[in-house]
$ cat data08.cif   # mmCIF, C-alpha atoms and all ligand atoms
data_data
loop_
_atom_site.group_PDB
_atom_site.id
_atom_site.type_symbol
_atom_site.label_atom_id
_atom_site.label_comp_id
_atom_site.auth_asym_id
_atom_site.auth_seq_id
_atom_site.Cartn_x
_atom_site.Cartn_y
_atom_site.Cartn_z
ATOM 1 C CA MET A 176 -39.789 24.372 -115.200
ATOM 2 C CA SER A 177 -37.895 25.526 -118.302
ATOM 3 C CA ASP A 178 -34.767 23.396 -118.126
ATOM 4 C CA VAL A 179 -35.078 19.661 -117.747
ATOM 5 C CA SER A 180 -31.744 19.470 -115.952
ATOM 6 C CA LEU A 181 -33.716 21.146 -113.176
ATOM 7 C CA ILE A 182 -35.408 17.851 -112.371
ATOM 8 C CA PRO A 183 -33.087 17.279 -109.417
ATOM 9 C CA LEU A 184 -35.830 15.660 -107.450
ATOM 10 C CA ARG A 185 -35.903 12.558 -109.630
ATOM 11 C CA VAL A 186 -37.981 10.241 -107.473
ATOM 12 C CA PRO A 187 -36.029 6.999 -106.974
ATOM 13 C CA GLY A 188 -37.889 3.974 -108.250
ATOM 14 C CA ALA A 189 -40.651 6.022 -109.917
ATOM 15 C CA VAL A 190 -41.448 5.936 -113.627
ATOM 16 C CA LEU A 191 -40.833 9.388 -115.136
ATOM 17 C CA CYS A 192 -43.246 10.963 -117.642
ATOM 18 C CA ALA A 193 -43.771 14.589 -118.644
ATOM 19 C CA VAL A 194 -45.882 17.062 -120.549
ATOM 20 C CA THR A 195 -44.194 19.705 -122.656
ATOM 21 C CA GLY A 196 -45.390 22.758 -124.567
ATOM 22 C CA PHE A 197 -45.765 26.498 -124.135
ATOM 23 C CA PRO A 198 -47.405 27.522 -121.962
ATOM 24 C CA VAL A 199 -47.514 24.383 -119.856
ATOM 25 C CA SER A 200 -47.936 25.699 -116.335
ATOM 26 C CA HIS A 201 -51.716 25.251 -116.356
ATOM 27 C CA SER A 202 -51.687 21.756 -117.833
ATOM 28 C CA ARG A 203 -54.010 19.318 -116.064
ATOM 29 C CA SER A 204 -52.059 16.330 -117.380
ATOM 30 C CA PRO A 205 -50.030 15.809 -114.154
ATOM 31 C CA PHE A 206 -53.239 15.588 -112.108
ATOM 32 C CA ILE A 207 -54.845 13.176 -114.571
ATOM 33 C CA HIS A 208 -51.833 10.867 -115.016
ATOM 34 C CA ARG A 209 -51.120 10.740 -111.281
ATOM 35 C CA ALA A 210 -54.771 9.826 -110.650
ATOM 36 C CA PHE A 211 -54.547 7.028 -113.246
ATOM 37 C CA ALA A 212 -51.289 5.763 -111.700
ATOM 38 C CA GLU A 213 -52.921 5.571 -108.266
ATOM 39 C CA GLN A 214 -55.521 3.174 -109.674
ATOM 40 C CA PHE A 215 -52.722 0.645 -110.276
ATOM 41 C CA GLY A 216 -50.338 1.503 -107.430
ATOM 42 C CA LEU A 217 -47.848 2.641 -110.080
ATOM 43 C CA ALA A 218 -45.117 4.925 -108.709
ATOM 44 C CA LEU A 219 -45.206 7.741 -111.279
ATOM 45 C CA GLN A 220 -43.345 11.021 -111.403
ATOM 46 C CA TYR A 221 -45.119 13.225 -113.970
ATOM 47 C CA GLU A 222 -43.602 16.683 -114.583
ATOM 48 C CA ARG A 223 -44.469 19.812 -116.560
ATOM 49 C CA VAL A 224 -41.522 20.848 -118.743
ATOM 50 C CA GLU A 225 -41.798 24.132 -120.607
ATOM 51 C CA ALA A 226 -40.428 24.154 -124.176
ATOM 52 C CA ARG A 227 -40.863 26.836 -126.813
ATOM 53 C CA PRO A 228 -40.896 26.193 -130.557
ATOM 54 C CA GLY A 229 -37.445 24.994 -131.608
ATOM 55 C CA GLN A 230 -36.529 23.750 -128.129
ATOM 56 C CA LEU A 231 -38.243 20.383 -128.380
ATOM 57 C CA PRO A 232 -35.243 18.345 -129.646
ATOM 58 C CA HIS A 233 -33.109 19.526 -126.715
ATOM 59 C CA THR A 234 -35.909 18.966 -124.204
ATOM 60 C CA LEU A 235 -36.531 15.451 -125.498
ATOM 61 C CA GLU A 236 -32.828 14.619 -125.420
ATOM 62 C CA GLN A 237 -32.650 15.604 -121.767
ATOM 63 C CA LEU A 238 -35.798 13.719 -120.859
ATOM 64 C CA GLN A 239 -34.509 10.606 -122.616
ATOM 65 C CA GLU A 240 -31.261 10.860 -120.650
ATOM 66 C CA LEU A 241 -33.290 10.985 -117.442
ATOM 67 C CA GLY A 242 -34.917 7.689 -118.415
ATOM 68 C CA CYS A 243 -38.286 9.271 -119.187
ATOM 69 C CA ARG A 244 -40.871 6.730 -120.384
ATOM 70 C CA GLY A 245 -43.360 9.003 -122.145
ATOM 71 C CA VAL A 246 -43.974 12.625 -123.068
ATOM 72 C CA ASN A 247 -47.256 14.379 -123.779
ATOM 73 C CA VAL A 248 -46.982 17.273 -126.175
ATOM 74 C CA THR A 249 -49.322 20.221 -126.165
ATOM 75 C CA VAL A 250 -49.652 23.421 -128.215
ATOM 76 C CA PRO A 251 -47.726 24.734 -130.065
ATOM 77 C CA LEU A 252 -45.388 21.751 -130.451
ATOM 78 C CA LYS A 253 -47.606 18.971 -131.806
ATOM 79 C CA GLU A 254 -46.512 19.339 -135.437
ATOM 80 C CA GLU A 255 -42.854 19.659 -134.428
ATOM 81 C CA ALA A 256 -43.190 16.493 -132.340
ATOM 82 C CA ALA A 257 -44.602 14.567 -135.295
ATOM 83 C CA ALA A 258 -41.746 15.747 -137.527
ATOM 84 C CA LEU A 259 -39.071 14.681 -135.014
ATOM 85 C CA ALA A 260 -40.275 11.115 -134.535
ATOM 86 C CA ALA A 261 -38.568 8.184 -136.255
ATOM 87 C CA GLN A 262 -41.702 6.010 -136.030
ATOM 88 C CA VAL A 263 -45.177 7.458 -136.398
ATOM 89 C CA SER A 264 -48.610 5.864 -136.027
ATOM 90 C CA PRO A 265 -51.273 6.044 -138.758
ATOM 91 C CA ALA A 266 -52.992 8.759 -136.664
ATOM 92 C CA VAL A 267 -49.849 10.906 -136.824
ATOM 93 C CA GLN A 268 -49.477 10.227 -140.548
ATOM 94 C CA ALA A 269 -53.066 11.338 -141.128
ATOM 95 C CA THR A 270 -52.981 14.452 -138.961
ATOM 96 C CA GLY A 271 -49.333 15.573 -139.103
ATOM 97 C CA ALA A 272 -49.435 16.165 -135.348
ATOM 98 C CA SER A 273 -48.514 14.179 -132.242
ATOM 99 C CA ASN A 274 -49.518 14.565 -128.593
ATOM 100 C CA THR A 275 -47.890 11.364 -127.301
ATOM 101 C CA LEU A 276 -44.209 10.391 -127.572
ATOM 102 C CA TRP A 277 -42.054 7.608 -126.188
ATOM 103 C CA TRP A 278 -38.820 5.804 -127.027
ATOM 104 C CA ASN A 279 -38.677 2.208 -128.223
ATOM 105 C CA ALA A 280 -36.173 -0.410 -126.987
ATOM 106 C CA GLN A 281 -33.624 0.852 -129.523
ATOM 107 C CA GLY A 282 -34.009 4.410 -128.237
ATOM 108 C CA ALA A 283 -35.864 5.662 -131.342
ATOM 109 C CA LEU A 284 -38.543 8.296 -130.818
ATOM 110 C CA CYS A 285 -42.080 7.032 -131.502
ATOM 111 C CA ALA A 286 -45.169 9.210 -131.928
ATOM 112 C CA ASP A 287 -48.917 8.692 -131.730
ATOM 113 C CA ASN A 288 -51.846 11.084 -131.624
ATOM 114 C CA THR A 289 -54.551 10.216 -129.093
ATOM 115 C CA ASP A 290 -56.569 13.448 -129.416
ATOM 116 C CA GLY A 291 -58.958 11.971 -131.971
ATOM 117 C CA THR A 292 -59.451 8.778 -129.977
ATOM 118 C CA GLY A 293 -60.067 10.965 -126.933
ATOM 119 C CA LEU A 294 -62.757 12.991 -128.693
ATOM 120 C CA VAL A 295 -64.473 9.945 -130.198
ATOM 121 C CA ARG A 296 -64.470 8.116 -126.847
ATOM 122 C CA ASP A 297 -65.869 11.136 -125.037
ATOM 123 C CA LEU A 298 -68.619 11.616 -127.627
ATOM 124 C CA THR A 299 -69.625 7.964 -127.834
ATOM 125 C CA LEU A 300 -68.804 6.262 -124.518
ATOM 126 C CA ASN A 301 -69.261 9.179 -122.121
ATOM 127 C CA TRP A 302 -71.937 11.226 -123.923
ATOM 128 C CA GLY A 303 -73.717 8.282 -125.553
ATOM 129 C CA LEU A 304 -73.750 9.628 -129.117
ATOM 130 C CA SER A 305 -73.832 7.346 -132.126
ATOM 131 C CA LEU A 306 -71.708 8.965 -134.829
ATOM 132 C CA LYS A 307 -73.015 6.981 -137.809
ATOM 133 C CA GLY A 308 -75.099 9.104 -140.147
ATOM 134 C CA LEU A 309 -74.800 12.247 -138.020
ATOM 135 C CA ARG A 310 -74.915 15.663 -139.685
ATOM 136 C CA LEU A 311 -71.695 17.050 -138.242
ATOM 137 C CA ALA A 312 -70.417 20.627 -138.416
ATOM 138 C CA ILE A 313 -66.894 21.535 -137.292
ATOM 139 C CA LEU A 314 -65.833 25.114 -136.615
ATOM 140 C CA GLY A 315 -62.126 25.853 -137.170
ATOM 141 C CA ALA A 316 -59.481 24.703 -139.616
ATOM 142 C CA GLY A 317 -56.292 24.770 -137.546
ATOM 143 C CA GLY A 318 -54.298 21.961 -135.963
ATOM 144 C CA ALA A 319 -57.067 21.019 -133.537
ATOM 145 C CA ALA A 320 -59.591 20.477 -136.343
ATOM 146 C CA ALA A 321 -57.061 18.637 -138.521
ATOM 147 C CA GLY A 322 -56.276 16.301 -135.625
ATOM 148 C CA VAL A 323 -59.840 15.079 -135.166
ATOM 149 C CA ILE A 324 -61.230 14.898 -138.712
ATOM 150 C CA PRO A 325 -59.560 11.563 -139.700
ATOM 151 C CA PRO A 326 -60.569 9.760 -136.469
ATOM 152 C CA LEU A 327 -64.141 11.077 -136.755
ATOM 153 C CA PHE A 328 -64.382 9.622 -140.271
ATOM 154 C CA ALA A 329 -62.779 6.399 -139.028
ATOM 155 C CA ALA A 330 -65.437 6.230 -136.289
ATOM 156 C CA GLY A 331 -68.263 6.201 -138.839
ATOM 157 C CA VAL A 332 -69.015 9.866 -139.525
ATOM 158 C CA THR A 333 -69.997 10.062 -143.189
ATOM 159 C CA ALA A 334 -70.242 13.815 -143.838
ATOM 160 C CA ILE A 335 -68.637 16.884 -142.310
ATOM 161 C CA VAL A 336 -69.377 20.544 -142.940
ATOM 162 C CA LEU A 337 -66.285 22.562 -142.097
ATOM 163 C CA LEU A 338 -66.501 26.282 -141.336
ATOM 164 C CA ASN A 339 -63.649 28.624 -140.633
ATOM 165 C CA ARG A 340 -63.145 32.357 -140.271
ATOM 166 C CA SER A 341 -60.628 32.280 -143.112
ATOM 167 C CA GLN A 342 -62.195 30.372 -145.981
ATOM 168 C CA ALA A 343 -58.842 29.519 -147.591
ATOM 169 C CA ARG A 344 -57.780 27.460 -144.578
ATOM 170 C CA ALA A 345 -61.084 25.541 -144.565
ATOM 171 C CA GLU A 346 -60.638 24.763 -148.256
ATOM 172 C CA ALA A 347 -57.077 23.546 -147.686
ATOM 173 C CA LEU A 348 -58.286 21.055 -145.042
ATOM 174 C CA ILE A 349 -61.140 19.937 -147.267
ATOM 175 C CA GLU A 350 -58.686 19.172 -150.051
ATOM 176 C CA ARG A 351 -56.410 17.324 -147.642
ATOM 177 C CA PHE A 352 -59.140 15.091 -146.201
ATOM 178 C CA GLN A 353 -61.578 14.665 -149.109
ATOM 179 C CA ALA A 354 -60.477 11.090 -149.755
ATOM 180 C CA LEU A 355 -61.635 10.085 -146.249
ATOM 181 C CA GLY A 356 -65.316 11.002 -146.627
ATOM 182 C CA THR A 357 -67.713 13.744 -147.672
ATOM 183 C CA ILE A 358 -66.308 17.030 -146.431
ATOM 184 C CA SER A 359 -67.446 20.436 -147.636
ATOM 185 C CA THR A 360 -67.851 23.976 -146.512
ATOM 186 C CA LEU A 361 -71.020 26.054 -146.436
ATOM 187 C CA GLN A 362 -71.567 28.013 -149.615
ATOM 188 C CA PRO A 363 -72.811 31.542 -148.875
ATOM 189 C CA GLU A 364 -75.874 31.007 -151.053
ATOM 190 C CA GLY A 365 -76.494 27.426 -149.886
ATOM 191 C CA ALA A 366 -79.377 26.448 -147.607
ATOM 192 C CA THR A 367 -78.303 25.679 -144.061
ATOM 193 C CA VAL A 368 -79.864 22.737 -142.252
ATOM 194 C CA PRO A 369 -79.302 22.341 -138.524
ATOM 195 C CA ALA A 370 -76.462 20.033 -137.568
ATOM 196 C CA ASP A 371 -77.026 17.054 -135.257
ATOM 197 C CA LEU A 372 -73.634 17.741 -133.715
ATOM 198 C CA ILE A 373 -71.546 20.908 -133.859
ATOM 199 C CA ILE A 374 -67.957 20.849 -132.609
ATOM 200 C CA ASN A 375 -65.965 23.969 -131.806
ATOM 201 C CA ALA A 376 -62.343 23.265 -132.763
ATOM 202 C CA THR A 377 -61.300 26.934 -132.927
ATOM 203 C CA SER A 378 -58.997 28.559 -130.400
ATOM 204 C CA ALA A 379 -61.429 31.484 -129.940
ATOM 205 C CA GLY A 380 -62.159 30.384 -126.357
ATOM 206 C CA LEU A 381 -58.558 31.160 -125.372
ATOM 207 C CA SER A 382 -59.370 34.845 -125.807
ATOM 208 C CA GLY A 383 -62.767 34.495 -124.158
ATOM 209 C CA GLU A 384 -64.648 34.571 -127.470
ATOM 210 C CA ALA A 385 -67.105 32.361 -129.311
ATOM 211 C CA PRO A 386 -66.524 31.809 -133.046
ATOM 212 C CA VAL A 387 -69.121 33.403 -135.286
ATOM 213 C CA PHE A 388 -71.209 30.894 -137.279
ATOM 214 C CA PRO A 389 -74.635 30.806 -138.986
ATOM 215 C CA PRO A 390 -77.276 30.328 -136.253
ATOM 216 C CA ALA A 391 -79.242 28.188 -138.753
ATOM 217 C CA LEU A 392 -76.714 25.411 -137.987
ATOM 218 C CA LEU A 393 -78.385 25.049 -134.591
ATOM 219 C CA SER A 394 -81.713 23.653 -133.492
ATOM 220 C CA PRO A 395 -82.691 22.993 -129.866
ATOM 221 C CA GLN A 396 -81.876 19.308 -130.576
ATOM 222 C CA THR A 397 -78.306 20.000 -131.757
ATOM 223 C CA HIS A 398 -75.568 18.483 -129.606
ATOM 224 C CA CYS A 399 -72.987 21.215 -129.011
ATOM 225 C CA TYR A 400 -69.430 20.178 -128.143
ATOM 226 C CA ASP A 401 -66.563 22.510 -127.321
ATOM 227 C CA MET A 402 -63.050 21.030 -127.475
ATOM 228 C CA PHE A 403 -62.085 23.957 -125.254
ATOM 229 C CA TYR A 404 -63.000 23.897 -121.545
ATOM 230 C CA THR A 405 -63.281 26.346 -118.691
ATOM 231 C CA SER A 406 -64.514 26.057 -115.124
ATOM 232 C CA THR A 407 -67.814 27.640 -116.219
ATOM 233 C CA LEU A 408 -69.813 27.373 -119.463
ATOM 234 C CA THR A 409 -67.479 28.150 -122.391
ATOM 235 C CA PRO A 410 -68.270 31.180 -124.620
ATOM 236 C CA PHE A 411 -69.186 28.835 -127.513
ATOM 237 C CA LEU A 412 -71.578 26.721 -125.430
ATOM 238 C CA ALA A 413 -73.115 29.860 -123.921
ATOM 239 C CA ALA A 414 -73.655 31.188 -127.473
ATOM 240 C CA CYS A 415 -75.404 27.931 -128.498
ATOM 241 C CA GLN A 416 -77.675 28.233 -125.488
ATOM 242 C CA THR A 417 -78.529 31.838 -126.301
ATOM 243 C CA LEU A 418 -78.919 31.388 -130.070
ATOM 244 C CA ALA A 419 -81.142 28.295 -130.146
ATOM 245 C CA SER A 420 -81.915 27.281 -126.550
ATOM 246 C CA CYS A 421 -79.567 24.303 -126.952
ATOM 247 C CA ASN A 422 -79.208 22.318 -123.750
ATOM 248 C CA ARG A 423 -77.167 19.361 -125.017
ATOM 249 C CA LEU A 424 -73.842 20.945 -124.158
ATOM 250 C CA ARG A 425 -70.461 19.392 -123.390
ATOM 251 C CA ASP A 426 -66.989 20.843 -123.048
ATOM 252 C CA GLY A 427 -63.632 19.222 -123.832
ATOM 253 C CA MET A 428 -62.647 18.107 -120.354
ATOM 254 C CA GLY A 429 -63.804 14.563 -121.101
ATOM 255 C CA MET A 430 -61.714 14.559 -124.281
ATOM 256 C CA LEU A 431 -58.719 15.686 -122.233
ATOM 257 C CA VAL A 432 -59.120 12.788 -119.813
ATOM 258 C CA GLU A 433 -59.755 10.251 -122.596
ATOM 259 C CA GLN A 434 -56.711 11.301 -124.667
ATOM 260 C CA ALA A 435 -54.642 10.999 -121.485
ATOM 261 C CA ALA A 436 -56.028 7.511 -120.832
ATOM 262 C CA ALA A 437 -55.045 6.407 -124.334
ATOM 263 C CA ALA A 438 -51.506 7.788 -123.817
ATOM 264 C CA PHE A 439 -51.298 6.089 -120.409
ATOM 265 C CA ALA A 440 -52.252 2.763 -122.006
ATOM 266 C CA LEU A 441 -49.585 3.171 -124.697
ATOM 267 C CA TRP A 442 -46.828 3.894 -122.171
ATOM 268 C CA HIS A 443 -47.689 1.567 -119.311
ATOM 269 C CA GLY A 444 -49.881 -1.121 -120.909
ATOM 270 C CA LEU A 445 -52.621 -0.333 -118.365
ATOM 271 C CA GLU A 446 -56.177 0.834 -119.144
ATOM 272 C CA PRO A 447 -57.280 3.313 -116.487
ATOM 273 C CA GLU A 448 -60.853 4.084 -115.488
ATOM 274 C CA THR A 449 -61.637 7.564 -116.718
ATOM 275 C CA SER A 450 -64.973 8.505 -115.124
ATOM 276 C CA PRO A 451 -63.713 8.977 -111.516
ATOM 277 C CA VAL A 452 -60.830 11.066 -112.810
ATOM 278 C CA LEU A 453 -63.151 13.267 -114.881
ATOM 279 C CA THR A 454 -65.395 13.739 -111.844
ATOM 280 C CA ALA A 455 -62.401 14.674 -109.684
ATOM 281 C CA LEU A 456 -61.095 17.078 -112.315
ATOM 282 C CA ARG A 457 -64.453 18.840 -112.610
ATOM 283 C CA ALA A 458 -64.636 19.141 -108.815
ATOM 284 C CA ARG A 459 -61.288 20.951 -108.660
HETATM 285 P P1 LIG A 501 -55.052 25.011 -133.035
HETATM 286 O O1 LIG A 501 -53.830 24.151 -133.124
HETATM 287 O O2 LIG A 501 -55.564 25.228 -131.640
HETATM 288 O O3 LIG A 501 -56.124 24.565 -133.974
HETATM 289 P P2 LIG A 501 -54.398 27.092 -134.911
HETATM 290 O O4 LIG A 501 -53.818 26.121 -135.865
HETATM 291 O O5 LIG A 501 -53.734 28.414 -134.682
HETATM 292 O O6 LIG A 501 -54.569 26.484 -133.465
HETATM 293 O O7 LIG A 501 -55.903 27.370 -135.396
HETATM 294 C C1 LIG A 501 -56.789 28.178 -134.683
HETATM 295 C C2 LIG A 501 -58.176 28.076 -135.293
HETATM 296 O O8 LIG A 501 -59.102 28.836 -134.515
HETATM 297 C C3 LIG A 501 -58.261 28.611 -136.703
HETATM 298 O O9 LIG A 501 -59.253 27.904 -137.389
HETATM 299 C C4 LIG A 501 -58.698 30.069 -136.457
HETATM 300 O O10 LIG A 501 -59.330 30.674 -137.534
HETATM 301 P P3 LIG A 501 -58.461 31.340 -138.746
HETATM 302 O O11 LIG A 501 -57.875 30.193 -139.524
HETATM 303 O O12 LIG A 501 -59.435 32.113 -139.508
HETATM 304 O O13 LIG A 501 -57.411 32.168 -138.064
HETATM 305 C C5 LIG A 501 -59.684 29.848 -135.346
HETATM 306 N N1 LIG A 501 -59.930 31.038 -134.514
HETATM 307 C C6 LIG A 501 -59.107 31.590 -133.594
HETATM 308 N N2 LIG A 501 -59.684 32.645 -133.003
HETATM 309 C C7 LIG A 501 -60.927 32.746 -133.557
HETATM 310 C C8 LIG A 501 -62.031 33.638 -133.350
HETATM 311 N N3 LIG A 501 -61.981 34.631 -132.466
HETATM 312 N N4 LIG A 501 -63.157 33.420 -134.066
HETATM 313 C C9 LIG A 501 -63.215 32.423 -134.976
HETATM 314 N N5 LIG A 501 -62.216 31.548 -135.211
HETATM 315 C C10 LIG A 501 -61.077 31.714 -134.510
#
$ encode --input "data08.cif" --output "structure tokens" --more "lines below"
Ligand code: ATR
Amino acid sequence: MSDVSLIPLRVPGAVLCAVTGFPVSHSRSPFIHRAFAEQFGLALQYERVEARPGQLPHTLEQLQELGCRGVNVTVPLKEEAAALAAQVSPAVQATGASNTLWWNAQGALCADNTDGTGLVRDLTLNWGLSLKGLRLAILGAGGAAAGVIPPLFAAGVTAIVLLNRSQARAEALIERFQALGTISTLQPEGATVPADLIINATSAGLSGEAPVFPPALLSPQTHCYDMFYTSTLTPFLAACQTLASCNRLRDGMGMLVEQAAAAFALWHGLEPETSPVLTALRAR
């Protein structure tokens, strides 16, 4: 759906929410939010609304007119969403990006970012990791990496090694976040010790690729997490398996469900159960 005025089928009596971005046609958010709503008997109409860069103000205006309660924002509009909001959460201030919007009683646009919470909850509650004192390596220095670094520090991570294909971008993020904790990049001549946890925050998976990184970052004990997900093993997780026989592998579907749960709680004041929804999503 590219024009919000095309929501002629506004379900009477249902709460309206939406996800917007480009592309948006493959978004799993409608499935997840509808499954959460069923847990509470909440009548929810959740739509995909396509918007390209620059179109977000118009899209939001139309959704607000339709009485929309909340909007999830996906790539490539997260930074634009943060810039448009009149009230932003500390998570949006720290990351400069928003994935969750709503309007307050005065009609002002409010923004939060639940991606980091989603990742931390998936790592700790669903995967059972304790983040304190972990040697953590993050691959990528784009919006996805920037969005999770502050919440990972807030959750007790003390040191992050950040690697990116273009070194300049890694250094820019390091400068931006150095006040939050120890964050550095690998020096070419420096010794590499295996990470306890390695997170792929690059978009390489979108083109079916794994990012290139020093294999010495991996040991068979390394937990390997891909923020990307596919119906089979992602290229990054497959590379970890091949390079160091890693078998502690997890993709980003749990993060997706957890960030949605945090958005759902913000909009409706209800805390959904995530594990049955993750199971149902994986079974699809
Ligand atoms: P996002 O919002 O998803 O993070 P982005 O800001 O465009 O998107 O950033 C994409 C990230 O994935 C960058 O870190 C990019 O590396 P560069 O900064 O060097 O471009 C990384 N990336 C994309 N494709 C990659 C590939 N094939 N191998 C390694 N890194 C890749």
$ residues_near_ligand --input "data08.cif" --ligand "ligand LIG 501 (chain A)" --cutoff "9 Å" --atoms "all atoms listed in the file" --output "number ranges by chain"
A: 250-251, 253, 314-322, 338-345, 375-388
$ closest_atom_pairs --input "data08.cif" --of "segment 242-294 of chain A" --to "segment 410-428 of chain A" --cutoff "12 Å" --atoms "all atoms listed in the file" --output "Markdown table"
| residue | atom | partner | partner_atom | distance |
| --- | --- | --- | --- | --- |
| A:Asp290 | CA | A:Gly427 | CA | 10.7 |
| A:Gly291 | CA | A:Gly427 | CA | 11.9 |
| A:Gly293 | CA | A:Gly427 | CA | 9.5 |
| A:Leu294 | CA | A:Gly427 | CA | 8.0 |
$ resolve_selection --input "data08.cif" --expression "the PyMOL selection byres (((chain A and resi 219) around 12) and not hetatm)" --output "MDAnalysis selection string"
chainID A and resid 185:193 205:218 220:222 243:245 439 442:443
$ closest_residue --input "data08.cif" --among "A:Leu445, A:Ala436, A:Ala334, A:Ile374" --to "Ser359 of chain A" --atoms "only C-alpha atoms"
A:Ala334
$ residues_around --input "data08.cif" --residues "Pro228 of chain A" --least-positions-apart "6" --cutoff "9 Å" --atoms "only C-alpha atoms" --output "PyMOL selection string"
chain A and resi 196-197+251-252+255
$ atom_distance --input "data08.cif" --atom1 "atom CA of Leu372 of chain A" --atom2 "atom CA of Leu311 of chain A"
5.0 Å
$ closest_residue --input "data08.cif" --among "A:Val295, A:Leu235, A:Leu361, A:Leu259" --to "Gln434 of chain A" --atoms "all atoms listed in the file"
A:Val295
$ atom_distance --input "data08.cif" --atom1 "atom CA of Ser406 of chain A" --atom2 "atom CA of Leu431 of chain A"
13.8 Å
$ atom_distance --input "data08.cif" --atom1 "atom CA of Leu393 of chain A" --atom2 "atom CA of Leu453 of chain A"
27.6 Å
$ decode --input "data08.cif" --residues "segment 221-233 of chain A" --atoms "N, CA and C atoms" --output "PDB file, in the first residue's frame"
ATOM      1  N   TYR A 221      -3.617  -3.713  11.898  1.00  0.00           N
ATOM      2  CA  TYR A 221      -2.199  -3.348  11.753  1.00  0.00           C
ATOM      3  C   TYR A 221      -1.836  -3.449  10.275  1.00  0.00           C
ATOM      4  N   GLU A 222      -1.478  -2.323   9.663  1.00  0.00           N
ATOM      5  CA  GLU A 222      -1.271  -2.265   8.203  1.00  0.00           C
ATOM      6  C   GLU A 222       0.183  -1.986   7.847  1.00  0.00           C
ATOM      7  N   ARG A 223       0.580  -2.475   6.669  1.00  0.00           N
ATOM      8  CA  ARG A 223       1.867  -2.066   6.066  1.00  0.00           C
ATOM      9  C   ARG A 223       1.610  -0.844   5.201  1.00  0.00           C
ATOM     10  N   VAL A 224       2.391   0.204   5.377  1.00  0.00           N
ATOM     11  CA  VAL A 224       2.228   1.425   4.581  1.00  0.00           C
ATOM     12  C   VAL A 224       3.587   1.800   4.003  1.00  0.00           C
ATOM     13  N   GLU A 225       3.719   1.691   2.690  1.00  0.00           N
ATOM     14  CA  GLU A 225       5.011   1.978   2.074  1.00  0.00           C
ATOM     15  C   GLU A 225       5.277   3.485   2.050  1.00  0.00           C
ATOM     16  N   ALA A 226       6.480   3.885   2.465  1.00  0.00           N
ATOM     17  CA  ALA A 226       6.885   5.298   2.355  1.00  0.00           C
ATOM     18  C   ALA A 226       8.357   5.330   2.001  1.00  0.00           C
ATOM     19  N   ARG A 227       8.689   6.155   1.023  1.00  0.00           N
ATOM     20  CA  ARG A 227      10.095   6.306   0.620  1.00  0.00           C
ATOM     21  C   ARG A 227      10.698   7.505   1.364  1.00  0.00           C
ATOM     22  N   PRO A 228      12.019   7.611   1.359  1.00  0.00           N
ATOM     23  CA  PRO A 228      12.626   8.766   2.028  1.00  0.00           C
ATOM     24  C   PRO A 228      11.987  10.069   1.560  1.00  0.00           C
ATOM     25  N   GLY A 229      11.658  10.929   2.498  1.00  0.00           N
ATOM     26  CA  GLY A 229      11.017  12.207   2.169  1.00  0.00           C
ATOM     27  C   GLY A 229       9.502  12.149   2.267  1.00  0.00           C
ATOM     28  N   GLN A 230       8.938  10.949   2.217  1.00  0.00           N
ATOM     29  CA  GLN A 230       7.467  10.834   2.242  1.00  0.00           C
ATOM     30  C   GLN A 230       6.907  10.652   3.657  1.00  0.00           C
ATOM     31  N   LEU A 231       7.807  10.484   4.619  1.00  0.00           N
ATOM     32  CA  LEU A 231       7.320  10.143   5.962  1.00  0.00           C
ATOM     33  C   LEU A 231       6.401  11.201   6.576  1.00  0.00           C
ATOM     34  N   PRO A 232       6.700  12.505   6.464  1.00  0.00           N
ATOM     35  CA  PRO A 232       5.799  13.491   7.071  1.00  0.00           C
ATOM     36  C   PRO A 232       4.366  13.356   6.550  1.00  0.00           C
ATOM     37  N   HIS A 233       4.228  13.194   5.240  1.00  0.00           N
ATOM     38  CA  HIS A 233       2.902  13.071   4.628  1.00  0.00           C
ATOM     39  C   HIS A 233       2.203  11.790   5.095  1.00  0.00           C
TER      40      HIS A 233
END
